[in-house]
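Colleague: What follows is a structure written as structure tokens; I'll ask about it next.
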Amino acid sequence: SFQRCTKSKRRDRERGRDTPMASTIISPSFTASSSSSLTAVFSHTKTSVCSLRRQSRHARNLSSSSIFGTRISLNSTSTTIVSPMNLSKSSRSGVTCSASPPSVLPSALLFDCDGVLVDTEKDGHRISFNDTFAERELGVTWDVELYGELLKIGGGKERMTAYFNKTGWPEKAPKSEEERKEFIASLHKRKTELFMALIEKKLLPLRPGVAKLIDQALAKGVKVAVCSTSNEKAVSAIVSCLLGPERAEKIQIYAGDVVPRKKPDPAIYLLAASTLGVEPSSCVVVEDSAIGLAAAKAAGMKCIVTKSGYTAEEDFLNADAVFDCIGDPPEERFDLAFCGSLLEKQYVS
């Protein structure tokens, strides 16, 4: 393709025409400070469009502890190619992925709950499930590894049903399908009560940067919502107790059985966009799991992944960006300006 492009430019020069598609590549060079932090220093160099393919191949070859950003300006349009921001421990300090104030902000910023707002799964939901099973004397315990596998199933009621269908129903469980649905619903109700008690005691903190990013969005008039497969009461407890009542009253919640099909189905994100009165393509989602990412992309939305304890090794190839967390200064990973820049450019891994 490079040879074809070169020949085309040579023909244009012979005919007295200049090729109008010059572009600016912004590539980062990195300098390590004495504290081993990395500072991204962007240097501008001119190159032709023909070198784009080679530049993108080079980006994919960089290590996971580096950030690569390339901006290609073609007339009035621009495209940006980045690698996922999987920062190693040695390179996290002092690195922020930001942008100059974008001309376009997201119409809505949509957050998953568990694993995004709070890392609730291992020491929150799992404990509450096990306490419920113990209260009912079901003889069932979900260990850390097993629960990680069960998280591939969206929704607590669906999770329990799939587990019992595979391993066998407890002796105390009813026999008919309808009674079993009621049995599962009662277990889930009690599990939610126990989980809410944990949240109200504030034993599980917000993940770094969550409050900061929400405040930035609300200050700019960007709509904020939480879209989760978890029970609505549990999600409301997290938002109210951990984010505070002033933020909570400005945040819409879509959770639990508000839609008939749960993630990875896009229904909950499409419902949020429709109810908020915004286009799906103008929304940015923050997720932590592969099933959440699949739901967001199927809804036609941009999606940033912030990995959580259970999801660190999942496949996020389709994500628009991947971080270990949102982060608070001085270890901030990204901000609202970066979210807005996703809508102006195309990001690919």
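We label chains A, B, ... in the order they appear in the structure tokens, count residues from 1 in each chain, and number ligands from 1 in the order shown.
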Tell me which protein, DNA and RNA residues are within 8 Å of segment 255-265 of chain A, counting only C-alpha atoms, leaving out same-chain ones fewer than 4 positions away, and put them as a ChimeraX atom specification.
Modeller: /A:154-155,226-232,235,271,291-295,298
Colleague: Export, as a compact mmCIF listing (two decimals), in the first residue's frame, the selected residues with N, CA, C and O atoms.
Modeller:
```txt
# COMPACT_ATOMS: atom_id res chain seq x y z
N GLY A 154 -24.98 -12.78 34.25
CA GLY A 154 -25.50 -11.51 34.74
C GLY A 154 -26.73 -11.68 35.59
O GLY A 154 -27.69 -12.36 35.20
N GLY A 155 -26.73 -11.07 36.78
CA GLY A 155 -27.90 -11.10 37.66
C GLY A 155 -27.81 -12.16 38.74
O GLY A 155 -27.47 -13.31 38.47
N VAL A 226 -26.51 5.16 36.56
CA VAL A 226 -25.90 3.88 36.91
C VAL A 226 -26.78 2.78 36.32
O VAL A 226 -27.99 2.76 36.53
N CYS A 227 -26.17 1.89 35.54
CA CYS A 227 -26.89 0.83 34.84
C CYS A 227 -26.32 -0.52 35.29
O CYS A 227 -25.19 -0.86 34.94
N SER A 228 -27.10 -1.29 36.04
CA SER A 228 -26.57 -2.49 36.67
C SER A 228 -27.56 -3.64 36.61
O SER A 228 -28.77 -3.43 36.58
N THR A 229 -27.01 -4.86 36.61
CA THR A 229 -27.86 -6.05 36.68
C THR A 229 -28.24 -6.36 38.13
O THR A 229 -29.06 -7.23 38.37
N SER A 230 -27.63 -5.66 39.09
CA SER A 230 -27.92 -5.90 40.50
C SER A 230 -29.28 -5.37 40.89
O SER A 230 -29.89 -4.55 40.19
N ASN A 231 -29.75 -5.79 42.06
CA ASN A 231 -31.03 -5.34 42.59
C ASN A 231 -31.06 -3.82 42.74
O ASN A 231 -30.07 -3.22 43.19
N GLU A 232 -32.18 -3.22 42.40
CA GLU A 232 -32.29 -1.76 42.42
C GLU A 232 -32.04 -1.17 43.81
O GLU A 232 -31.39 -0.13 43.95
N VAL A 235 -28.26 -1.15 44.49
CA VAL A 235 -27.58 -0.10 43.72
C VAL A 235 -27.89 1.27 44.33
O VAL A 235 -27.00 2.12 44.48
N LEU A 271 -32.31 1.41 27.27
CA LEU A 271 -33.36 2.01 28.10
C LEU A 271 -32.88 3.31 28.72
O LEU A 271 -33.62 4.32 28.74
N ILE A 291 -18.84 -8.86 29.88
CA ILE A 291 -20.26 -8.85 29.53
C ILE A 291 -20.81 -7.43 29.54
O ILE A 291 -21.68 -7.08 28.74
N GLY A 292 -20.30 -6.58 30.41
CA GLY A 292 -20.72 -5.18 30.42
C GLY A 292 -20.23 -4.44 29.19
O GLY A 292 -20.96 -3.65 28.60
N LEU A 293 -18.98 -4.70 28.81
CA LEU A 293 -18.43 -4.12 27.58
C LEU A 293 -19.26 -4.54 26.38
O LEU A 293 -19.59 -3.70 25.52
N ALA A 294 -19.62 -5.82 26.30
CA ALA A 294 -20.42 -6.31 25.17
C ALA A 294 -21.77 -5.60 25.12
O ALA A 294 -22.25 -5.25 24.03
N ALA A 295 -22.38 -5.38 26.27
CA ALA A 295 -23.68 -4.69 26.33
C ALA A 295 -23.55 -3.25 25.83
O ALA A 295 -24.38 -2.77 25.04
N ALA A 298 -22.85 -3.19 22.02
CA ALA A 298 -24.06 -3.59 21.28
C ALA A 298 -25.09 -2.47 21.26
O ALA A 298 -25.92 -2.39 20.35
```
Colleague: May I have a table of the residues of segment 86-182 of chain A lying at most 9 Å from segment 217-220 of chain A, giving each one's closest pair of atoms and their distance in Å to one decimal, counting only C-alpha atoms, ordered by chain and ascending residue number, as CSV?
Modeller:
```
residue,atom,partner,partner_atom,distance
A:Leu105,CA,A:Lys220,CA,8.4
A:Pro106,CA,A:Ala217,CA,8.7
A:Ala108,CA,A:Ala217,CA,8.4
A:Leu109,CA,A:Ala217,CA,7.4
```
Colleague: Keeping only N, CA, C and O atoms, write those residues as a CSV table (one decimal), in the first residue's frame.
Modeller:
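Just written: result-v1.csv:
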```
chain,number,residue,atom,x,y,z
A,105,LEU,N,-18.9,17.2,24.5
A,105,LEU,CA,-19.0,16.4,25.8
A,105,LEU,C,-20.0,15.3,25.6
A,105,LEU,O,-20.9,15.4,24.8
A,106,PRO,N,-19.8,14.2,26.4
A,106,PRO,CA,-20.9,13.2,26.3
A,106,PRO,C,-22.2,13.7,26.7
A,106,PRO,O,-22.3,14.6,27.6
A,108,ALA,N,-24.4,11.8,28.0
A,108,ALA,CA,-24.6,11.0,29.3
A,108,ALA,C,-23.4,10.2,29.6
A,108,ALA,O,-22.7,9.7,28.7
A,109,LEU,N,-23.0,10.1,30.8
A,109,LEU,CA,-22.0,9.2,31.3
A,109,LEU,C,-22.7,8.1,32.1
A,109,LEU,O,-23.3,8.4,33.1
```
Colleague: Pick out the closest residue to Ile238 of chain A from this set: A:Val104, A:Val285, A:Gly115, A:Ala185. Count only C-alpha atoms.
Modeller: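 Result for the nearest residue to Ile238 of chain A: A:Gly115.
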Colleague: Please measure the separation of atom CA of Phe129 of chain A and atom CA of Val286 of chain A, giving the value in Å to one decimal.
Modeller: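 These atoms are spaced 25.7 Å apart.
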Colleague: How would you write, as a list in words, the set of residues in segment 203-290 of chain A that DSSP gives as strand (DSSP E)?
Modeller: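 In segment 203-290 of chain A, DSSP puts these residues in strand (DSSP E): Lys223, Val224, Ala225, Val226, Cys227, Ser228, Ile251, Gln252, Ile253, Tyr254, Ala255, Cys283, Val284, Val285, Val286 and Glu287 of chain A.
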Colleague: Would you list the contacts of Ser281 of chain A as a PyMOL selection string, taking every protein, DNA or RNA residue within 12 Å and counting only C-alpha atoms, but skipping same-chain residues closer than 4 positions in sequence?
Modeller: chain A and resi 105-109+269-270+273-274+285+296-303+340+342-344
Colleague: Could you please take those selected residues and save N, CA and C atoms as a compact mmCIF listing (two decimals), in the first residue's frame?
Modeller:
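Output contents, as saved in out_15.txt:
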```txt
# COMPACT_ATOMS: atom_id res chain seq x y z
N LEU A 105 -18.94 17.19 24.54
CA LEU A 105 -18.97 16.41 25.78
C LEU A 105 -19.98 15.27 25.61
N PRO A 106 -19.85 14.21 26.36
CA PRO A 106 -20.88 13.16 26.30
C PRO A 106 -22.23 13.73 26.70
N SER A 107 -23.28 13.27 26.06
CA SER A 107 -24.62 13.64 26.51
C SER A 107 -24.93 12.97 27.83
N ALA A 108 -24.37 11.77 28.02
CA ALA A 108 -24.58 11.04 29.26
C ALA A 108 -23.35 10.19 29.57
N LEU A 109 -23.04 10.09 30.84
CA LEU A 109 -21.98 9.22 31.34
C LEU A 109 -22.67 8.11 32.14
N TYR A 269 -28.77 -0.41 28.64
CA TYR A 269 -28.14 0.82 28.16
C TYR A 269 -29.04 1.55 27.16
N LEU A 270 -29.75 0.80 26.36
CA LEU A 270 -30.69 1.42 25.43
C LEU A 270 -31.85 2.07 26.18
N ALA A 273 -30.54 5.40 27.62
CA ALA A 273 -30.45 6.45 26.60
C ALA A 273 -31.82 6.98 26.23
N SER A 274 -32.77 6.07 26.05
CA SER A 274 -34.13 6.47 25.68
C SER A 274 -34.78 7.31 26.77
N VAL A 285 -19.76 4.91 28.37
CA VAL A 285 -20.01 3.94 29.44
C VAL A 285 -18.70 3.61 30.14
N ALA A 296 -22.51 -2.56 26.27
CA ALA A 296 -22.32 -1.16 25.88
C ALA A 296 -22.06 -1.02 24.38
N LYS A 297 -21.19 -1.87 23.83
CA LYS A 297 -20.88 -1.79 22.41
C LYS A 297 -22.07 -2.19 21.55
N ALA A 298 -22.85 -3.19 22.02
CA ALA A 298 -24.06 -3.59 21.28
C ALA A 298 -25.09 -2.47 21.26
N ALA A 299 -25.03 -1.58 22.26
CA ALA A 299 -25.93 -0.44 22.30
C ALA A 299 -25.43 0.71 21.44
N GLY A 300 -24.23 0.58 20.87
CA GLY A 300 -23.68 1.62 20.02
C GLY A 300 -23.03 2.75 20.80
N MET A 301 -22.50 2.44 21.98
CA MET A 301 -21.90 3.45 22.85
C MET A 301 -20.39 3.26 22.95
N LYS A 302 -19.68 4.34 23.29
CA LYS A 302 -18.27 4.25 23.61
C LYS A 302 -18.14 3.62 24.99
N CYS A 303 -17.08 2.86 25.20
CA CYS A 303 -16.93 2.18 26.49
C CYS A 303 -15.48 2.19 26.97
N GLY A 340 -14.93 12.88 26.61
CA GLY A 340 -15.46 13.64 25.49
C GLY A 340 -14.67 13.43 24.22
N LEU A 342 -13.35 10.82 23.15
CA LEU A 342 -13.73 9.56 22.51
C LEU A 342 -14.81 9.76 21.45
N LEU A 343 -15.65 10.76 21.66
CA LEU A 343 -16.75 11.02 20.73
C LEU A 343 -16.28 11.78 19.50
N GLU A 344 -15.09 12.40 19.58
CA GLU A 344 -14.59 13.18 18.47
C GLU A 344 -13.66 12.41 17.56
```
Colleague: Name the closest residue to Arg190 of chain A among the candidates A:Lys166, A:Lys202, A:Lys172, A:Arg136; distances are taken between atoms, counting only C-alpha atoms.
Modeller: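 Checking each of A:Lys166, A:Lys202, A:Lys172, A:Arg136 against Arg190 of chain A, counting only C-alpha atoms, the winner is A:Arg136.
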Colleague: Any idea what's packed within 12 Å of segment 173-178 of chain A, counting only C-alpha atoms, ignoring anything in its chain fewer than 3 positions away? Could you give it as a ChimeraX atom specification?
Modeller: /A:133,136-139,161,164-165,168-170,181-187
Colleague: Of the candidates A:Glu246, A:Glu121, A:Asp328, A:Asp288, which shows the shortest atom-to-atom distance to Glu145 of chain A, using only C-alpha atoms?
Modeller: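 Of the candidates, the smallest distance to Glu145 of chain A is held by A:Glu121.
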Colleague: Among segment 124-161 of chain A, which ones does DSSP assign to alpha helix (DSSP H) (computed from the backbone)? Answer as a ChimeraX atom specification.
Modeller: /A:126-135,144-150,156-161
